[in-house]
$ cat structure29.txt   # compact mmCIF, C-alpha atoms and all ligand atoms
# COMPACT_ATOMS: atom_id res chain seq x y z
CA MET T 1 0.00 0.00 0.00
CA ASP T 2 1.70 3.21 -1.07
CA GLY T 3 0.11 6.44 0.08
CA PRO T 4 -3.32 6.74 1.66
CA THR T 5 -6.01 4.60 -0.03
CA ALA T 6 -9.78 4.53 0.07
CA ILE T 7 -11.14 1.01 -0.37
CA VAL T 8 -14.84 0.25 -0.82
CA ILE T 9 -16.21 -3.07 0.46
CA THR T 10 -19.15 -3.93 -1.76
CA SER T 11 -21.21 -6.91 -2.93
CA GLY T 12 -24.48 -6.47 -4.78
CA LYS T 13 -26.35 -8.96 -2.65
CA GLY T 14 -27.08 -8.08 0.97
CA GLY T 15 -26.18 -10.18 3.98
CA VAL T 16 -22.95 -11.61 2.58
CA GLY T 17 -20.73 -10.01 5.23
CA LYS T 18 -19.70 -6.55 4.00
CA THR T 19 -20.28 -4.85 7.34
CA THR T 20 -18.69 -7.69 9.29
CA LEU T 21 -15.62 -7.60 7.04
CA THR T 22 -15.35 -3.81 7.12
CA ALA T 23 -15.37 -3.84 10.93
CA ASN T 24 -12.90 -6.71 11.25
CA LEU T 25 -10.50 -5.77 8.46
CA GLY T 26 -10.49 -2.21 9.78
CA THR T 27 -9.56 -3.50 13.22
CA GLY T 28 -6.93 -5.73 11.63
CA LEU T 29 -5.39 -2.82 9.75
CA ALA T 30 -5.36 -0.67 12.89
CA LEU T 31 -3.59 -3.51 14.73
CA LEU T 32 -1.00 -3.49 11.94
CA GLY T 33 -0.32 0.13 12.78
CA LYS T 34 -2.34 1.75 9.98
CA ARG T 35 -4.32 4.83 10.87
CA THR T 36 -7.74 3.61 9.75
CA VAL T 37 -11.17 5.18 9.37
CA LEU T 38 -14.32 3.17 8.63
CA VAL T 39 -17.02 5.01 6.72
CA ASP T 40 -20.56 3.67 6.97
CA ALA T 41 -22.04 4.57 3.59
CA ASP T 42 -25.28 2.65 4.23
CA ILE T 43 -27.29 5.79 4.93
CA GLY T 44 -30.67 5.13 6.50
CA LEU T 45 -29.61 1.63 7.59
CA ARG T 46 -26.78 2.38 9.96
CA ASN T 47 -25.17 -0.77 11.38
CA LEU T 48 -21.39 -0.58 11.30
CA ASP T 49 -21.60 1.19 14.69
CA VAL T 50 -23.40 -1.72 16.40
CA VAL T 51 -21.15 -4.33 14.83
CA LEU T 52 -18.18 -2.41 16.23
CA GLY T 53 -19.86 -1.85 19.58
CA LEU T 54 -19.64 1.94 19.24
CA GLU T 55 -23.37 2.68 19.02
CA ASN T 56 -23.48 4.62 22.29
CA ARG T 57 -20.90 7.14 21.25
CA ILE T 58 -22.48 8.69 18.17
CA VAL T 59 -23.11 12.42 18.26
CA PHE T 60 -22.87 13.51 14.63
CA ASP T 61 -22.99 11.52 11.41
CA ILE T 62 -21.86 11.62 7.79
CA VAL T 63 -24.82 13.74 6.66
CA ASP T 64 -24.08 16.32 9.37
CA VAL T 65 -20.54 16.51 7.98
CA VAL T 66 -21.43 16.95 4.30
CA ASP T 67 -24.19 19.43 5.19
CA GLY T 68 -21.70 21.45 7.24
CA PHE T 69 -23.54 21.03 10.56
CA CYS T 70 -20.30 19.92 12.18
CA ARG T 71 -16.65 19.56 11.37
CA LEU T 72 -15.32 16.19 10.21
CA LYS T 73 -13.26 15.82 13.40
CA GLN T 74 -16.38 16.17 15.55
CA ALA T 75 -18.20 13.33 13.80
CA LEU T 76 -15.30 10.87 13.91
CA ILE T 77 -15.53 8.34 16.74
CA LYS T 78 -12.23 7.11 18.08
CA ASP T 79 -12.26 3.45 19.10
CA LYS T 80 -10.60 3.40 22.51
CA ARG T 81 -9.85 -0.33 22.33
CA PHE T 82 -7.74 -0.13 19.17
CA GLU T 83 -5.16 2.56 18.63
CA GLY T 84 -5.70 4.26 15.28
CA LEU T 85 -9.23 2.96 14.54
CA HIS T 86 -11.99 5.49 13.80
CA LEU T 87 -15.60 5.39 12.61
CA LEU T 88 -17.60 7.87 10.60
CA PRO T 89 -21.18 6.71 11.20
CA ALA T 90 -24.03 6.78 8.70
CA ALA T 91 -27.16 8.83 9.34
CA GLN T 92 -30.04 6.73 10.54
CA THR T 93 -32.95 9.02 9.76
CA LYS T 94 -32.07 10.32 6.29
CA ASP T 95 -32.16 8.42 3.01
CA LYS T 96 -29.49 7.72 0.38
CA SER T 97 -30.06 10.93 -1.53
CA ALA T 98 -28.86 12.92 1.50
CA VAL T 99 -25.31 12.52 0.18
CA SER T 100 -24.16 12.94 -3.42
CA PRO T 101 -21.27 11.14 -5.15
CA GLU T 102 -19.39 14.46 -5.41
CA GLN T 103 -19.72 15.03 -1.68
CA MET T 104 -18.45 11.51 -0.99
CA GLU T 105 -15.47 12.11 -3.23
CA ARG T 106 -14.58 15.31 -1.39
CA LEU T 107 -15.07 13.60 1.96
CA CYS T 108 -12.78 10.71 1.08
CA LYS T 109 -10.10 13.13 -0.14
CA GLU T 110 -10.27 14.94 3.17
CA LEU T 111 -10.13 11.68 5.14
CA LYS T 112 -7.07 10.53 3.21
CA GLN T 113 -5.16 13.55 4.52
CA GLU T 114 -5.63 12.24 8.07
CA PHE T 115 -5.61 8.47 7.61
CA ASP T 116 -3.61 5.74 5.88
CA VAL T 117 -6.69 3.68 5.02
CA VAL T 118 -10.31 4.68 4.42
CA LEU T 119 -12.58 1.59 4.40
CA ILE T 120 -16.05 2.26 3.03
CA ASP T 121 -18.89 -0.11 3.92
CA SER T 122 -21.23 -0.10 0.95
CA PRO T 123 -24.97 -0.75 1.07
CA ALA T 124 -26.41 -3.66 -0.92
CA GLY T 125 -27.80 -2.99 -4.36
CA ILE T 126 -26.78 -1.05 -7.44
CA GLU T 127 -28.65 2.20 -6.81
CA GLN T 128 -27.50 5.56 -5.54
CA GLY T 129 -26.15 4.10 -2.30
CA PHE T 130 -23.72 1.99 -4.28
CA ARG T 131 -22.68 4.92 -6.48
CA ASN T 132 -22.06 7.04 -3.38
CA ALA T 133 -19.97 4.33 -1.76
CA VAL T 134 -17.71 3.87 -4.76
CA ALA T 135 -17.43 7.55 -5.70
CA GLY T 136 -14.47 8.31 -3.47
CA ALA T 137 -12.79 4.91 -3.64
CA ASP T 138 -9.42 4.13 -5.21
CA ALA T 139 -9.90 0.36 -5.01
CA ALA T 140 -12.70 -2.12 -4.43
CA VAL T 141 -13.13 -5.36 -2.54
CA ILE T 142 -16.03 -7.58 -3.65
CA VAL T 143 -17.60 -9.82 -1.05
CA THR T 144 -19.62 -12.86 -1.98
CA THR T 145 -20.70 -16.13 -0.44
CA PRO T 146 -20.35 -19.32 -2.48
CA ASP T 147 -23.99 -19.44 -3.54
CA VAL T 148 -25.48 -18.84 -6.95
CA ALA T 149 -27.43 -15.66 -6.21
CA ALA T 150 -24.56 -13.89 -4.46
CA VAL T 151 -22.02 -14.83 -7.14
CA ARG T 152 -24.31 -13.67 -9.92
CA ASP T 153 -24.84 -10.33 -8.19
CA ALA T 154 -21.10 -10.03 -7.60
CA ASP T 155 -20.55 -10.42 -11.33
CA ARG T 156 -22.97 -7.57 -12.02
CA ILE T 157 -21.16 -5.38 -9.51
CA ILE T 158 -17.80 -6.14 -11.11
CA GLY T 159 -19.21 -4.84 -14.38
CA LEU T 160 -20.51 -1.68 -12.71
CA LEU T 161 -17.19 -1.11 -10.92
CA GLU T 162 -15.42 -1.25 -14.26
CA ALA T 163 -17.75 1.47 -15.50
CA GLU T 164 -16.80 3.53 -12.43
CA GLY T 165 -13.10 3.14 -13.20
CA LEU T 166 -12.49 0.54 -10.49
CA GLY T 167 -11.44 -2.10 -12.97
CA GLU T 168 -9.41 -4.46 -10.80
CA PRO T 169 -11.46 -5.35 -7.75
CA ARG T 170 -10.28 -8.10 -5.43
CA LEU T 171 -12.54 -10.84 -4.16
CA VAL T 172 -13.32 -12.16 -0.69
CA VAL T 173 -15.39 -15.34 -0.54
CA ASN T 174 -17.09 -15.33 2.84
CA ARG T 175 -18.94 -17.98 4.84
CA VAL T 176 -17.30 -20.92 3.12
CA ARG T 177 -18.44 -24.19 4.69
CA THR T 178 -15.51 -26.51 4.27
CA ASP T 179 -17.57 -29.58 5.19
CA LEU T 180 -20.06 -28.88 2.38
CA VAL T 181 -17.25 -28.05 -0.06
CA ARG T 182 -15.58 -31.36 0.66
CA ARG T 183 -18.82 -33.22 0.01
CA GLY T 184 -19.25 -31.39 -3.26
CA GLU T 185 -22.39 -29.63 -2.07
CA MET T 186 -20.94 -26.11 -2.04
CA MET T 187 -18.90 -24.42 -4.75
CA ASP T 188 -15.29 -24.15 -3.76
CA VAL T 189 -13.32 -20.92 -3.85
CA ASP T 190 -11.63 -21.91 -7.12
CA ASP T 191 -15.01 -22.26 -8.84
CA VAL T 192 -16.08 -18.80 -7.70
CA VAL T 193 -12.78 -17.18 -8.69
CA ASP T 194 -12.93 -18.88 -12.06
CA ILE T 195 -16.48 -17.71 -12.77
CA LEU T 196 -15.88 -14.12 -11.68
CA ALA T 197 -12.39 -13.89 -13.20
CA VAL T 198 -11.00 -11.53 -10.57
CA ASP T 199 -8.08 -11.74 -8.16
CA LEU T 200 -8.71 -13.49 -4.87
CA LEU T 201 -7.91 -11.49 -1.75
CA GLY T 202 -8.91 -14.38 0.49
CA PHE T 203 -11.74 -16.50 1.80
CA VAL T 204 -13.31 -16.63 5.23
CA PRO T 205 -14.81 -19.85 6.57
CA GLU T 206 -18.27 -19.89 8.12
CA ASP T 207 -17.67 -19.59 11.83
CA GLU T 208 -20.21 -19.14 14.62
CA ARG T 209 -17.64 -17.20 16.63
CA VAL T 210 -18.18 -14.35 14.17
CA VAL T 211 -21.84 -14.20 15.14
CA ILE T 212 -21.05 -14.47 18.84
CA ALA T 213 -18.40 -11.74 18.75
CA THR T 214 -20.72 -9.49 16.74
CA ASN T 215 -23.48 -9.99 19.31
CA ARG T 216 -21.11 -8.60 21.90
CA GLY T 217 -19.92 -5.74 19.74
CA GLU T 218 -16.38 -7.10 19.71
CA PRO T 219 -14.44 -7.66 16.52
CA ALA T 220 -14.09 -11.41 15.92
CA ILE T 221 -10.67 -10.83 14.41
CA MET T 222 -9.19 -10.65 17.93
CA ARG T 223 -10.09 -14.23 18.73
CA GLN T 224 -7.23 -16.69 18.58
CA ASP T 225 -9.46 -19.79 18.45
CA SER T 226 -11.34 -18.81 15.29
CA PRO T 227 -10.48 -19.93 11.75
CA ALA T 228 -12.49 -16.98 10.40
CA ALA T 229 -10.40 -14.61 12.52
CA GLN T 230 -7.18 -16.14 11.21
CA ALA T 231 -8.44 -15.70 7.65
CA MET T 232 -9.40 -12.08 8.30
CA ARG T 233 -6.02 -11.34 9.87
CA ASP T 234 -4.37 -12.71 6.72
CA ILE T 235 -6.64 -10.59 4.53
CA SER T 236 -5.80 -7.46 6.55
CA ARG T 237 -2.13 -8.10 5.97
CA ARG T 238 -2.70 -8.56 2.25
CA LEU T 239 -4.64 -5.29 2.18
CA ALA T 240 -1.67 -3.67 3.89
CA GLY T 241 0.49 -4.92 1.05
CA GLU T 242 2.13 -7.96 2.62
CA ALA T 243 2.41 -11.15 0.60
CA VAL T 244 0.59 -13.75 2.68
CA PRO T 245 0.06 -17.16 1.05
CA LEU T 246 -3.51 -18.39 0.67
CA ALA T 247 -4.62 -21.23 2.90
CA GLU T 248 -6.22 -24.40 1.58
CA THR T 249 -9.99 -24.22 1.18
CA ALA T 250 -10.32 -27.58 2.82
CA PRO T 251 -7.88 -30.22 3.96
CA PRO T 252 -7.21 -32.07 0.69
CA GLY T 253 -9.15 -35.28 0.36
CA PHE T 254 -7.89 -38.43 -1.28
CA TRP T 255 -8.92 -37.48 -4.80
CA SER T 256 -7.48 -33.98 -4.80
CA ARG T 257 -4.23 -35.40 -3.43
CA LEU T 258 -4.19 -38.01 -6.18
CA ARG T 259 -4.90 -35.32 -8.76
CA ARG T 260 -2.01 -33.25 -7.47
CA VAL T 261 0.32 -36.27 -7.58
CA LEU T 262 -0.77 -36.95 -11.15
CA GLY T 263 -0.14 -33.29 -11.96
CA LEU T 264 -3.67 -32.69 -13.10
CA GLY T 265 -4.00 -29.45 -11.14
CA ALA T 266 -7.09 -28.42 -9.29
CA GLY T 267 -9.34 -29.29 -12.25
CA MET U 1 -14.93 -67.40 9.61
CA TRP U 2 -15.89 -65.25 6.59
CA ARG U 3 -18.87 -63.95 8.57
CA ALA U 4 -16.66 -62.83 11.42
CA VAL U 5 -14.30 -61.00 9.14
CA ARG U 6 -17.17 -59.36 7.31
CA ASP U 7 -18.84 -58.29 10.53
CA ARG U 8 -15.66 -56.73 11.73
CA LEU U 9 -15.11 -54.96 8.47
CA ALA U 10 -18.69 -53.93 7.90
CA GLY U 11 -20.25 -50.80 9.28
CA TRP U 12 -22.21 -48.86 6.74
CA ARG U 13 -19.70 -46.12 6.18
CA LEU U 14 -16.83 -48.37 5.22
CA ALA U 15 -19.04 -50.34 2.86
CA ALA U 16 -20.31 -47.18 1.24
CA ARG U 17 -16.77 -45.86 0.87
CA LEU U 18 -15.62 -49.05 -0.77
CA ALA U 19 -18.59 -49.01 -3.11
CA ARG U 20 -17.83 -45.44 -4.11
CA THR U 21 -14.18 -46.22 -4.71
CA ARG U 22 -15.21 -49.23 -6.78
CA THR U 23 -17.48 -47.17 -9.03
CA ARG U 24 -14.74 -44.60 -9.47
CA LEU U 25 -12.25 -47.26 -10.42
CA ALA U 26 -14.80 -48.75 -12.81
CA ARG U 27 -15.27 -45.34 -14.39
CA ILE U 28 -11.55 -44.82 -14.83
CA THR U 29 -11.14 -48.26 -16.38
CA ALA U 30 -14.05 -47.62 -18.73
CA TYR U 31 -12.56 -44.28 -19.73
CA LEU U 32 -9.12 -45.77 -20.34
CA ALA U 33 -10.69 -48.59 -22.35
CA ARG U 34 -12.50 -46.08 -24.52
CA ALA U 35 -9.37 -44.00 -24.91
CA ALA U 36 -7.41 -47.09 -25.98
CA ALA U 37 -10.13 -48.02 -28.46
CA GLY U 38 -9.97 -44.49 -29.84
CA LEU U 39 -6.20 -44.67 -30.23
CA ALA U 40 -6.49 -47.98 -32.03
CA ARG U 41 -8.93 -46.41 -34.46
CA GLY U 42 -6.44 -43.81 -35.64
CA PRO U 43 -5.07 -40.35 -34.98
CA GLY U 44 -8.44 -38.78 -34.20
CA LEU U 45 -8.15 -38.93 -30.44
CA TRP U 46 -4.66 -37.48 -30.44
CA ARG U 47 -5.73 -34.50 -32.48
CA ARG U 48 -8.69 -33.95 -30.23
CA SER U 49 -6.62 -34.10 -27.10
CA ARG U 50 -4.26 -31.45 -28.44
CA GLU U 51 -7.15 -29.14 -29.15
CA ARG U 52 -8.38 -29.88 -25.69
CA ARG U 53 -5.19 -28.65 -24.13
CA ALA U 54 -5.29 -25.46 -26.14
CA GLY U 55 -8.79 -24.12 -25.74
CA PRO U 56 -10.91 -22.89 -22.86
CA ARG U 57 -13.40 -25.58 -23.74
CA GLY U 58 -10.69 -28.09 -22.98
CA THR U 59 -10.28 -27.00 -19.39
CA ARG U 60 -13.99 -27.33 -18.97
CA LYS U 61 -13.92 -30.85 -20.32
CA ARG U 62 -11.08 -31.76 -18.01
CA ALA U 63 -12.88 -30.26 -15.04
CA ALA U 64 -15.99 -32.19 -16.00
CA PHE U 65 -13.97 -35.38 -16.33
CA LEU U 66 -12.35 -34.92 -12.93
CA ALA U 67 -15.70 -34.16 -11.36
CA TRP U 68 -17.10 -37.27 -12.97
CA VAL U 69 -14.26 -39.54 -11.88
CA GLY U 70 -14.39 -38.06 -8.40
CA GLY U 71 -18.11 -38.81 -8.31
CA ARG U 72 -18.85 -35.10 -8.01
CA ALA U 73 -20.48 -34.64 -11.42
CA GLY U 74 -24.03 -34.71 -10.13
CA ARG U 75 -23.27 -32.93 -6.86
CA SER U 76 -24.96 -29.63 -6.26
CA ALA U 77 -21.70 -27.65 -6.28
CA THR U 78 -20.91 -28.82 -9.81
CA VAL U 79 -24.46 -28.09 -10.90
CA ALA U 80 -24.28 -24.61 -9.30
CA ALA U 81 -21.00 -23.79 -11.06
CA ARG U 82 -22.35 -24.92 -14.43
CA ARG U 83 -25.57 -22.92 -14.03
CA LEU U 84 -23.65 -19.87 -12.92
CA ARG U 85 -21.27 -20.02 -15.89
CA MET U 86 -24.30 -19.88 -18.16
CA VAL U 87 -26.21 -17.19 -16.34
CA VAL U 88 -23.18 -14.96 -15.90
CA ALA U 89 -22.35 -15.31 -19.57
CA TYR U 90 -25.88 -14.21 -20.50
CA ASP U 91 -25.66 -11.30 -18.08
CA ARG U 92 -22.36 -10.17 -19.57
CA ALA U 93 -23.58 -10.54 -23.12
CA ALA U 94 -26.82 -8.86 -22.09
CA MET U 95 -28.55 -11.48 -24.21
CA ALA U 96 -31.95 -12.76 -23.24
CA PRO U 97 -32.62 -16.50 -23.57
CA VAL U 98 -35.27 -15.75 -26.21
CA LEU U 99 -32.63 -14.08 -28.37
CA LEU U 100 -30.56 -17.21 -28.07
CA GLU U 101 -33.51 -19.21 -29.39
CA SER U 102 -33.74 -17.03 -32.48
CA LEU U 103 -29.97 -17.22 -32.93
CA LYS U 104 -30.40 -20.98 -32.85
CA ALA U 105 -33.07 -20.85 -35.54
CA ASP U 106 -30.92 -18.62 -37.77
CA LEU U 107 -27.85 -20.81 -37.34
CA LEU U 108 -29.93 -23.84 -38.22
CA ALA U 109 -31.20 -22.15 -41.37
CA VAL U 110 -27.70 -21.15 -42.48
CA ALA U 111 -26.13 -24.53 -41.74
CA SER U 112 -28.95 -26.33 -43.58
CA ARG U 113 -27.96 -24.55 -46.76
CA TYR U 114 -24.69 -26.47 -46.76
CA VAL U 115 -25.23 -29.70 -44.87
CA ASP U 116 -28.05 -31.93 -43.79
CA VAL U 117 -28.55 -30.97 -40.17
CA GLY U 118 -29.88 -33.35 -37.57
CA GLU U 119 -32.03 -30.70 -35.99
CA PRO U 120 -32.88 -32.17 -32.57
CA GLY U 121 -29.20 -32.28 -31.61
CA LEU U 122 -28.41 -28.63 -32.37
CA GLN U 123 -26.81 -27.02 -29.35
CA VAL U 124 -26.10 -23.35 -28.85
CA GLU U 125 -24.48 -22.41 -25.59
CA LEU U 126 -22.92 -19.36 -24.08
CA GLY U 127 -20.26 -20.24 -21.60
CA SER U 128 -17.80 -18.20 -19.65
CA ARG U 129 -14.45 -19.15 -18.35
CA ARG U 130 -11.69 -16.95 -16.99
CA GLY U 131 -13.51 -13.84 -18.04
CA ALA U 132 -13.95 -14.78 -21.70
CA VAL U 133 -17.40 -15.50 -23.07
CA ASN U 134 -17.63 -18.21 -25.74
CA LEU U 135 -20.45 -19.03 -28.05
CA VAL U 136 -20.29 -22.78 -28.52
CA VAL U 137 -22.35 -24.18 -31.35
CA THR U 138 -22.67 -27.89 -31.94
CA VAL U 139 -24.31 -28.81 -35.23
CA PRO U 140 -24.94 -32.51 -35.70
CA VAL U 141 -24.58 -33.38 -39.38
CA ARG U 142 -26.67 -36.20 -40.78
CA ARG U 143 -25.14 -36.25 -44.24
CA LEU U 144 -22.33 -34.13 -45.62
CA GLU U 145 -23.76 -33.59 -49.08
CA ARG U 146 -27.03 -31.89 -49.03
CA SER U 147 -29.49 -33.33 -51.48
CA ARG U 148 -30.43 -30.50 -53.82
CA PRO U 149 -34.16 -29.95 -54.05
N1 LIG T 301 -17.64 -15.80 8.24
C1 LIG T 301 -18.84 -15.74 8.86
N2 LIG T 301 -19.27 -16.78 9.61
C2 LIG T 301 -20.47 -16.72 10.22
N3 LIG T 301 -21.31 -15.70 10.14
C3 LIG T 301 -20.97 -14.63 9.40
C4 LIG T 301 -19.71 -14.60 8.73
N4 LIG T 301 -19.64 -13.40 8.07
C5 LIG T 301 -20.79 -12.74 8.33
N5 LIG T 301 -21.60 -13.46 9.14
C6 LIG T 301 -22.94 -13.08 9.63
O1 LIG T 301 -23.75 -12.85 8.50
C7 LIG T 301 -24.72 -11.84 8.78
C8 LIG T 301 -24.70 -10.76 7.71
O2 LIG T 301 -23.47 -10.08 7.74
P1 LIG T 301 -23.33 -8.52 7.41
O3 LIG T 301 -21.88 -8.17 7.62
O4 LIG T 301 -24.34 -7.71 8.15
O5 LIG T 301 -23.67 -8.52 5.85
P2 LIG T 301 -23.89 -7.27 4.88
O6 LIG T 301 -23.26 -6.07 5.50
O7 LIG T 301 -23.20 -7.70 3.61
O8 LIG T 301 -25.36 -7.14 4.69
C9 LIG T 301 -24.39 -11.31 10.17
O9 LIG T 301 -25.26 -11.89 11.08
C10 LIG T 301 -22.95 -11.80 10.40
O10 LIG T 301 -22.70 -12.01 11.76
MG MG T 302 -24.20 -4.11 5.84
$ encode --input "structure29.txt" --output "structure tokens"
Amino acid sequence: MDGPTAIVITSGKGGVGKTTLTANLGTGLALLGKRTVLVDADIGLRNLDVVLGLENRIVFDIVDVVDGFCRLKQALIKDKRFEGLHLLPAAQTKDKSAVSPEQMERLCKELKQEFDVVLIDSPAGIEQGFRNAVAGADAAVIVTTPDVAAVRDADRIIGLLEAEGLGEPRLVVNRVRTDLVRRGEMMDVDDVVDILAVDLLGFVPEDERVVIATNRGEPAIMRQDSPAAQAMRDISRRLAGEAVPLAETAPPGFWSRLRRVLGLGAG
Amino acid sequence: MWRAVRDRLAGWRLAARLARTRTRLARITAYLARAAAGLARGPGLWRRSRERRAGPRGTRKRAAFLAWVGGRAGRSATVAARRLRMVVAYDRAAMAPVLLESLKADLLAVASRYVDVGEPGLQVELGSRRGAVNLVVTVPVRRLERSRP
């Protein structure tokens, strides 16, 4: 990562883990010493604050900032648990048209003067909320789960990102169930990468500890006993520019081992 | 004596595993037998296998073969990936399935001017692999020379 970057976390389909990943990757980047700000661009459906456990500290929000009701500094919430982590919350009572793409662009520029990384949590869909979220971004991360609807929507979003000049998004496949993958009842990460034809940033296994940590308003990424946390720590390091090798999707079974021995590749 | 051994070995899971391995082995043997028969018939198979290595369609065939040998061909993940390849290709080409039907009809008409087409087997498919969209047309030919009306 050279120079400050604004990265949008987006998906097309809702409920695939954008907010969860924004919160956790942001925490991960802060732990790596990056000055990080998380921008909740899901205006009207604010939830990055509760996932982070910062809901009781909101005074101003993003709409107050762009409307000039307060200064940017006043709206930023500093996470006291993690040095360098900040949140710019969404407005809960306004709708998506309360912010324009131009305003978002200006806001991101301003944030990049203060921070190393600006992570933008995008709303689902392809409407104005999406256009706002990508307006100020220099790079995009696409989140999908390994199911047909989410992957199809991700493909649509990749097309739209290209149109917005974000031509080389990186992919996170979330909620991978290794048991189902091994039984051939869930697409594996290679299938998804092959269909979408984008670079893989990483995959995160399905892990109930994510749900439990989120219930408590604690980032799951801190947990040492969680495979999902390990995966998200690796992804944070990749976002920070480190070369971290990808883990196996699933412990190789007999047939994939045989294939590898025979030099037939992953098929 | 045999009973005792079998009882010890049995247990549903082991039996099922063995059965699965047996079908896989049977499939591999059948495939190899067919490949050998093809080789015996002449250079056709060799030429085809070179094409296979070259094209994007080849990787798909190989993937399908591996899925089939591994007993994963009918599994829902394989089905999902195949359906997605189609649907994503349509999305990218912004082509509605009805348009594909009329493309099919046109292709059939054109091909029939030159060869005798076995109509029921005509296949037109959009597929996508590694970002490239391919239009794959399979025209079964009944006779090479078309009888002039
Ligand atoms: N890797 C995971 N394992 C288990 N649950 C997850 C995982 N990632 C996300 N979730 C859960 O999925 C739900 C939707 O996630 P969320 O981040 O709100 O999605 P989005 O922001 O894309 O709508 C939440 O309940 C979250 O806790
Ligand atoms: Mg969300």
$ interface_residues --input "structure29.txt" --of "chain T" --to "chain U" --cutoff "8 Å" --atoms "all atoms listed in the file" --output "number ranges by chain"
T: 147-148, 151-152, 155-156, 181, 184-188, 191-192, 194-197, 255, 267
$ closest_residue --input "structure29.txt" --among "T:Leu38, T:Leu85, T:Val173, T:Leu180" --to "ligand LIG 301 (chain T)" --atoms "all atoms listed in the file"
T:Val173
$ residues_near_ligand --input "structure29.txt" --ligand "ligand MG 302 (chain T)" --cutoff "6 Å" --atoms "only C-alpha atoms and all ligand atoms" --output "PyMOL selection string"
chain T and resi 18-19+123
$ write_last_selection --input "structure29.txt" --atoms "C-alpha atoms" --output "mmCIF file, in the frame of the given file"
data_model
loop_
_atom_site.group_PDB
_atom_site.id
_atom_site.type_symbol
_atom_site.label_atom_id
_atom_site.label_comp_id
_atom_site.auth_asym_id
_atom_site.auth_seq_id
_atom_site.Cartn_x
_atom_site.Cartn_y
_atom_site.Cartn_z
ATOM 1 C CA LYS T 18 -19.700 -6.550 4.000
ATOM 2 C CA THR T 19 -20.280 -4.850 7.340
ATOM 3 C CA PRO T 123 -24.970 -0.750 1.070
#
$ residues_around --input "structure29.txt" --residues "range 61-70 of chain T" --least-positions-apart "3" --cutoff "6 Å" --atoms "all atoms listed in the file" --output "PyMOL selection string"
chain T and resi 75+89-91
$ closest_atom_pairs --input "structure29.txt" --of "chain T" --to "ligand LIG 301 (chain T)" --cutoff "7 Å" --atoms "only C-alpha atoms and all ligand atoms" --output "JSON lines"
{"residue": "T:Ser11", "atom": "CA", "partner": "T:LIG301", "partner_atom": "O7", "distance": 6.9}
{"residue": "T:Gly14", "atom": "CA", "partner": "T:LIG301", "partner_atom": "O8", "distance": 4.2}
{"residue": "T:Gly15", "atom": "CA", "partner": "T:LIG301", "partner_atom": "O8", "distance": 3.2}
{"residue": "T:Val16", "atom": "CA", "partner": "T:LIG301", "partner_atom": "O7", "distance": 4.1}
{"residue": "T:Gly17", "atom": "CA", "partner": "T:LIG301", "partner_atom": "O3", "distance": 3.2}
{"residue": "T:Lys18", "atom": "CA", "partner": "T:LIG301", "partner_atom": "O7", "distance": 3.7}
{"residue": "T:Thr19", "atom": "CA", "partner": "T:LIG301", "partner_atom": "O3", "distance": 3.7}
{"residue": "T:Thr20", "atom": "CA", "partner": "T:LIG301", "partner_atom": "O3", "distance": 3.6}
{"residue": "T:Leu21", "atom": "CA", "partner": "T:LIG301", "partner_atom": "O3", "distance": 6.3}
{"residue": "T:Ala124", "atom": "CA", "partner": "T:LIG301", "partner_atom": "O8", "distance": 6.7}
{"residue": "T:Asn174", "atom": "CA", "partner": "T:LIG301", "partner_atom": "N1", "distance": 5.4}
{"residue": "T:Arg175", "atom": "CA", "partner": "T:LIG301", "partner_atom": "N1", "distance": 4.2}
{"residue": "T:Val204", "atom": "CA", "partner": "T:LIG301", "partner_atom": "N1", "distance": 5.3}
{"residue": "T:Pro205", "atom": "CA", "partner": "T:LIG301", "partner_atom": "N1", "distance": 5.2}
{"residue": "T:Glu206", "atom": "CA", "partner": "T:LIG301", "partner_atom": "N2", "distance": 3.6}
{"residue": "T:Asp207", "atom": "CA", "partner": "T:LIG301", "partner_atom": "N2", "distance": 3.9}
{"residue": "T:Glu208", "atom": "CA", "partner": "T:LIG301", "partner_atom": "C2", "distance": 5.0}
{"residue": "T:Val210", "atom": "CA", "partner": "T:LIG301", "partner_atom": "C2", "distance": 5.1}
{"residue": "T:Val211", "atom": "CA", "partner": "T:LIG301", "partner_atom": "O10", "distance": 4.1}
{"residue": "T:Thr214", "atom": "CA", "partner": "T:LIG301", "partner_atom": "O10", "distance": 5.9}
{"residue": "T:Ala228", "atom": "CA", "partner": "T:LIG301", "partner_atom": "N1", "distance": 5.7}
$ closest_residue --input "structure29.txt" --among "T:Leu31, T:Leu87, T:Ala149, T:Ala41" --to "Pro101 in chain T" --atoms "only C-alpha atoms"
T:Ala41
